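S.K.: Just dropping this structure here.
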Amino acid sequence: MNVINSFEIENEVFYFYDINKLLINYPKLRNLPKVLKILFELNIRNAKNEKEFQEIINIFLNRNQEEIKFYPSRIVMEDFEALLTFSDLATIRDLLKSKNEDIDKINPKIMIDILMNNLNQKDGEENKELIEKYSFIKWSQHAFKNIRVVPPNCFENNEFDLNYLSTILHLEKKDGKFFLYPESILSIETSKKEPNKNRPNSFGILNFTIDNIKSKTAIFGNEISINLPKVVGVKIHMKFEDDILEEDSIIEKIGLSLENKLNSMSLKGKVLEFYGNGLKYLNITHRKNILKLCSKYEMESSFFAIDEETISYLNRIKENEDYGKLIKLYLEKQGLFHQKNEQIDFDEIIDIDLQSLENSILDKNIFNENIFSENIHTNDIALENIFKGNDFWQNLDFKRNDTYTWDENSNNINFYNKEYLELFEEKELDNIEETNKIDIQNAGILALFKDLVKSEYISPLENISLYSPAAKYLESKGVKSFEYNTFLSRSANPNVMVRSIFDSSYIKNNMLTKEGSFTIDYRNGEIVSIFDKAQRFKEISRPLVIFAGKDFGSGNFREWASKGIRLLRVKAIIAKSFDERYRLNLVACGILPLEFIDDDIESLKLKGNETLNIEASEIKINSKVDVFIEKENINIEIKLKLRLDTKEDVEVYLKGGIYPFLLNSIRT
């Protein structure tokens, strides 16, 4: 069905995918929350054929949290994630160059905004580690297309507002026509100790947050799979609109009521959408601070629809009303502009009646701290210089090459690593029949873990301890013990990070009694580090597996928690259950996630000295695999559930992981 429509404004014709054309046959869609209307337009616009088009309509009619696609128009990440992301892209360019292939194919297909953390003057002058990392990001900005960098020290207290970078609408030229659609943002979750989820924006832009590994597909213009979220409507209203409320108390009253109600709700997989006639009392700054409060909760996103306040604020910043008129006209035609007394079918509703709220005051640190004046000239100055940077940034030197010149002696950024390149290569197969089966033979056990092994224990970011494998490596490079620093600071060095895996005092391998990254090499009974055992098995080309209990990989996202295990040459992890996000990251790194069905480590009485063969004649979604365990005196055969849950999971795993999967699609 053709849903393309157009309108003319100021003698310019703009085209758009008109979701209102579908309301004649599907009137139920008229009352969708605006968040879902944005997702609906996005999926309809990208439908590949009539069958997919109809499937999308049915998903949004039924609203059963089925899988949909998210196509971001822009990606936002902090410097830490940018360092890892563009190190990977630089490594892929190295790989293509070594094969005489076109390295220009390795460029982001959508805009990426990199937000740099602030530096004090001493760091800018003396900290060689930071200078090296910031120079690398500046090289990335030069070498790759579609990158904007907000340099350090552009904003006080690292309080950066996404509104500064927003266009609200995205303009794309196709076949000589200008198409409009809502801007959509993908924020990359940080691997730091305190992730900044759901980065606040108050301009009516839908923003989802994902981890860095999964974002790689979006960087090259591919969609992200998400489940259609449930939408909780937050109705902010006043019965008598002519009543006057004290402006300073509005935000406190709403915040107190909202926080109390959110604390009692299950918010996982849900989106908050604010609506109601009370929104007119909230300026852009108020909205940003409310969204900042929402970011504490485990929801997918939070959202203020665009209204007259948004347009008015935008007009004042632009000092021109033309763009505001275009935005409002488009949104009104799509039913996306906030109106009074709208009929919206939310999954749940939080009611906030401004006149009935008790006169209580919420913690002022949350709402009144950093509430800045809407001084338009100050904003103009900030916007004018946002990408320029200070003298430190402007004077940072880098080599203007299309491939990065790695310093083999660097202990900070050093992806000159043959083993790391293996992450990007497709599986080498002897014949075509090997492509769709599992055949892991003579595998040893690297570790036996109990329940709740968190991602931050698998890949810790704390100080590098004395005598650890990472410390020994750094010492061999001439680094003194007082210079070891943290794993976080060395995260752009695979040689260090592969040695970080399981190096945490919070973890215990049940092959032995001591905590930390230790295991037993049962060939001689020696207690060794997990890294050393992995190296020994690599030398004899013998695969490894890990056993675990429930919720393996839960907790905060750590990119190296899956990449590091892959570099240890672990072929499969067998667990009672996986954290879902971590399971996806294992698949993305080409590691097989397998779940116990009836058995576990205790029932099988595993010691760690067993040998395993893992076999399946065909890889299918939610199929079973056969595992043959050779113990000291007996052989045991069990079945495990293959946790490749989608067609995409299977495709990615068969290619060897997300990196070769993407590289193959780029090449073709």
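The chains in the structure tokens are called A, B, ... from first to last as shown; in each chain the residues are counted from 1, and the ligands are counted from 1 in the order shown.
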If we count only C-alpha atoms and set the cut-off at 8 Å, which residues sit around A:Ile386, ignoring sequence neighbours fewer than 5 positions away in its own chain? Please answer as a VMD selection string.
M.R.: chain A and resid 150 to 151 154
S.K.: I'd like to know which residues of stretch 279-369 of chain A are helix (DSSP H, G or I) (by DSSP, run on the backbone); could you write them as a PyMOL selection string?
M.R.: chain A and resi 279-281+284-294+308-318+322-334+364-367
S.K.: Residues at most 8 Å from stretch 601-615 of chain A, counting only C-alpha atoms, excluding those fewer than 2 positions away in the same chain, as a PyMOL selection string?
M.R.: chain A and resi 437-448+511+520+522+547-549+599+617+625-632
S.K.: Nearest to A:Ile284 among A:Ile114, A:Leu329, A:Ile371, A:Ile350, with distances taken over only C-alpha atoms: which residue is it?
M.R.: A:Ile371
S.K.: Could you please determine the separation between atom CA of A:Phe40 and atom CA of A:Ile147 in Å, to one decimal place?
M.R.: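 That distance, rounded to one decimal, is 27.8 Å.
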S.K.: Rank A:Ser302, A:Ser491, A:Asn556, A:Asn277 by their smallest atom-to-atom distance to A:Phe415, using only C-alpha atoms, and report the top residue only.
M.R.: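 Under the stated criterion, the closest residue is A:Ser491.
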S.K.: I need the residue nearest A:Phe346 from this list: A:Tyr281, A:Tyr71, A:Trp393, A:Tyr275. Use only C-alpha atoms for the distance.
M.R.: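 With only C-alpha atoms as the atom set, the closest residue is A:Tyr275.
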S.K.: I'd like the interatomic distance between atom CA of A:His338 and atom CA of A:Asp113, to a tenth of an Å.
M.R.: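 Spanning atom CA of A:His338 to atom CA of A:Asp113 is a straight-line distance of 28.0 Å.
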S.K.: Between atom CA of A:Ser140 and atom CA of A:Arg74, what is the spacing in Å?
M.R.: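 Atom-to-atom, atom CA of A:Arg74 and atom CA of A:Ser140 are spaced 17.1 Å apart.
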S.K.: For A:Val13, list every protein, DNA or RNA residue within 9 Å, evaluated using only C-alpha atoms, and leave out those in the same chain fewer than 5 positions away; present the list as a PDB file with C-alpha atoms, in the first residue's frame.
M.R.:
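Contents of around.pdb, freshly written:
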```pdb
ATOM      1  CA  SER A   6       3.325  15.452   0.476  1.00  0.00           C
ATOM      2  CA  PHE A   7       2.708  19.043   1.496  1.00  0.00           C
ATOM      3  CA  GLU A   8       4.030  22.432   0.447  1.00  0.00           C
ATOM      4  CA  LYS A 177      12.515  14.282  -3.366  1.00  0.00           C
ATOM      5  CA  PHE A 178      12.921  15.559   0.194  1.00  0.00           C
TER       6      PHE A 178
END
```
S.K.: Looking only at strand (DSSP E) from DSSP on the backbone, list the matching residues of stretch 45-273 of chain A as a ChimeraX atom specification.
M.R.: /A:67-70,74-78,111-115,147-150,169-174,177-182,184-188,206-210,224-227,230-237,270-273
S.K.: Near stretch 397-403 of chain A, counting only C-alpha atoms, which residues have an atom at most 12 Å away, once you skip same-chain residues fewer than 4 positions from it, shown as a PyMOL selection string?
M.R.: chain A and resi 86-98+102-107+131-145+391-393+407
